[in-house]
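**Student:** Sharing a structure below in structure tokens format, with a few things to ask.
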Amino acid sequence: MVQKELVYWHEGLSCVNDDWENAYNKFETQEEEIQKFIKRFKQLGAEKWDKNAEIASLFCGRGGGLIALERLGFKNLHGVDLSPELLMQYEGPAKLYVADCRDIKFEDNSLDYISIHGGLHHLVKFPEDLETTIKEIHRVLKKDGHFICVEPWMTPFLGFVHFACKQSIFKKIYPKLDALSTMVDLEYPIYDTWLAHPDKILSIYDKYFTTEYKNIEKGKINYSGVKRN
């Protein structure tokens, strides 16, 4: 069933960049995205979570992360994104909210898990927007609630990928690389600012959460933190 009921916590919001979305669709199919998210959730221990837990996916877009959680057996799901256009592409039972991640309207201490896959590095004003968002996540999580995120991280592997993105011959051979190059170009300079400040990012995480799991490899950080009380 296609979920068409959107709760508008903020009106008139949209962040869809058609060029970026087209490049992303060339980079990976929806099923590839879902399988990627399932793998990430398993790495972060999701198979041990209570299947009745209240879970919100922020920056959820078209809902690949929500579908991954559904396939893992979770029932009480919420999706939050700026774009009603992207949310309308989601098919499933999760409740959907059009909202700015810096001001989500969930009640204090109401959620067990909040998950973000590649959304924080899109925040425009660094580090102010990041801290505002993390503080808001901390507010709505229950005691011992978990903050889960996967974001790009500068590693030698990612440095090589960025180099390859600038080589026309590589982009001709690997269409995914060409798509990634387009996305990176469209995210400039926000993406570069994010990658340049790993210590500041982790200091904000540590201010509000106790690190439970952190793994940095292949240009990504997989992070799980427990709410500090």
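Each chain in the structure tokens gets a letter, A, B, ..., in the order shown, and its residues are numbered from 1; ligands are numbered from 1 in order too.
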Please identify all polymer residues within 12 Å of A:Glu70, counting only C-alpha atoms, omitting same-chain residues fewer than 5 positions from it, and present them as a PyMOL selection string.

**Tutor:** chain A and resi 34+37-38+41+46-47+51-53+55+57+63-65+75-78+91-94

**Student:** Would you mind exporting C-alpha atoms of the selected residues as a PDB file, in the first residue's frame?

**Tutor:**
ATOM      1  CA  ILE A  34      17.718  -1.223   0.774  1.00  0.00           C
ATOM      2  CA  PHE A  37      20.863  -0.324   4.667  1.00  0.00           C
ATOM      3  CA  ILE A  38      20.042  -3.832   5.908  1.00  0.00           C
ATOM      4  CA  PHE A  41      21.714  -2.043  10.460  1.00  0.00           C
ATOM      5  CA  ALA A  46      19.745  -4.103  14.886  1.00  0.00           C
ATOM      6  CA  GLU A  47      18.995  -7.823  14.954  1.00  0.00           C
ATOM      7  CA  LYS A  51      10.987  -5.423  17.340  1.00  0.00           C
ATOM      8  CA  ASN A  52       8.366  -3.205  19.020  1.00  0.00           C
ATOM      9  CA  ALA A  53      10.819  -0.342  19.511  1.00  0.00           C
ATOM     10  CA  ILE A  55      12.239   4.072  15.589  1.00  0.00           C
ATOM     11  CA  SER A  57      14.538   7.617  10.334  1.00  0.00           C
ATOM     12  CA  GLY A  63      12.255   5.522   2.551  1.00  0.00           C
ATOM     13  CA  GLY A  64      14.926   2.952   1.782  1.00  0.00           C
ATOM     14  CA  GLY A  65      15.959   2.840   5.425  1.00  0.00           C
ATOM     15  CA  LYS A  75       6.763  -2.343  13.279  1.00  0.00           C
ATOM     16  CA  ASN A  76       6.692   1.109  14.887  1.00  0.00           C
ATOM     17  CA  LEU A  77       8.450   3.261  12.307  1.00  0.00           C
ATOM     18  CA  HIS A  78       8.512   6.991  11.567  1.00  0.00           C
ATOM     19  CA  GLU A  91       5.464   2.552  -0.009  1.00  0.00           C
ATOM     20  CA  GLY A  92       4.853   1.096   3.405  1.00  0.00           C
ATOM     21  CA  PRO A  93       3.213   1.425   6.821  1.00  0.00           C
ATOM     22  CA  ALA A  94       5.571   3.935   8.494  1.00  0.00           C
TER      23      ALA A  94
END

**Student:** Quick one: which stretch 8-85 of chain A residues come within 12 Å of stretch 211-219 of chain A, and what is the nearest atom pair for each with the distance in Å to one decimal, counting only C-alpha atoms, rows ordered by chain and ascending number, as a tab-separated table?

**Tutor:**
residue	atom	partner	partner_atom	distance
A:Arg40	CA	A:Asn215	CA	10.9
A:Phe41	CA	A:Tyr213	CA	11.9
A:Gln43	CA	A:Tyr213	CA	9.3
A:Leu44	CA	A:Tyr213	CA	7.2
A:Gly45	CA	A:Tyr213	CA	9.2

**Student:** Which residues are close to stretch 106-117 of chain A, i.e. within 7 Å by only C-alpha atoms, leaving aside same-chain residues fewer than 3 positions away? Reply as JSON, numbers by chain.

**Tutor:** {"A": [53, 54, 55, 56, 57, 58, 59, 139, 140, 141, 142, 143, 145, 146, 147, 148, 149, 150, 151]}

**Student:** Let me make sure I understand: among A:Lys220, A:Lys105, A:Lys48, A:Lys42, which one has the smallest atom-to-atom distance to A:Phe157 if we use only C-alpha atoms?

**Tutor:**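 Of A:Lys220, A:Lys105, A:Lys48, A:Lys42, the one nearest A:Phe157, counting only C-alpha atoms, is A:Lys220.
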
**Student:** Give me, as an NGL selection string, the residues of stretch 3-183 of chain A that a backbone DSSP run labels alpha helix (DSSP H).

**Tutor:** :A and (18-27 or 30-43 or 64-71 or 84-87 or 128-140 or 156-165 or 168-173 or 175-183)

**Student:** With only C-alpha atoms as the counted atoms, please give the residues lying no more than 10 Å from A:Thr210, apart from itself and same-chain residues fewer than 6 positions off, as a PyMOL selection string.

**Tutor:** chain A and resi 144+146-147+224-229

**Student:** With distances taken over only C-alpha atoms, which of A:Met154, A:Asp100, A:His122, A:Val161 is nearest to A:Asp199?

**Tutor:**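 The answer is A:Met154, which sits nearest to A:Asp199.
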
**Student:** Between atom CA of A:Trp194 and atom CA of A:Leu66, measure the distance and give it in Å to one decimal.

**Tutor:**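 Value for the atom CA of A:Trp194-atom CA of A:Leu66 distance: 25.1 Å.
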
**Student:** Report, in Å to a single decimal, how far apart atom CA of A:Glu128 and atom CA of A:Tyr191 are.

**Tutor:**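 Spanning atom CA of A:Tyr191 to atom CA of A:Glu128 is a straight-line distance of 15.2 Å.
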
**Student:** Would you please give, as JSON, numbers by chain, all residues of chain A that DSSP assigns to strand (DSSP E) based on the backbone?

**Tutor:** {"A": [6, 7, 8, 54, 55, 56, 57, 58, 76, 77, 78, 79, 80, 81, 95, 96, 97, 98, 111, 112, 113, 114, 115, 116, 117, 141, 142, 143, 144, 145, 146, 147, 148, 149, 150, 151, 152, 209, 210, 211, 212, 213, 214, 215, 216, 217, 220, 221, 222, 223, 224, 225, 226, 227]}

**Student:** Write out as a PyMOL selection string which residues come within 9 Å of A:Trp9 when counting only C-alpha atoms, dropping same-chain ones fewer than 2 positions away.

**Tutor:** chain A and resi 7+11+97-100+103-105

**Student:** Which residue out of A:Ile204, A:Cys101, A:Cys60, A:Ile190 has the minimum interatomic distance to A:Ile137 when only C-alpha atoms are used?

**Tutor:**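 Once distances to A:Ile137 are computed over only C-alpha atoms, the minimum belongs to A:Cys101.
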
**Student:** Separation of atom CA of A:Trp153 and atom CA of A:Ile134, in Å?

**Tutor:**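 Pair atom CA of A:Trp153 / atom CA of A:Ile134 returns 17.8 Å.
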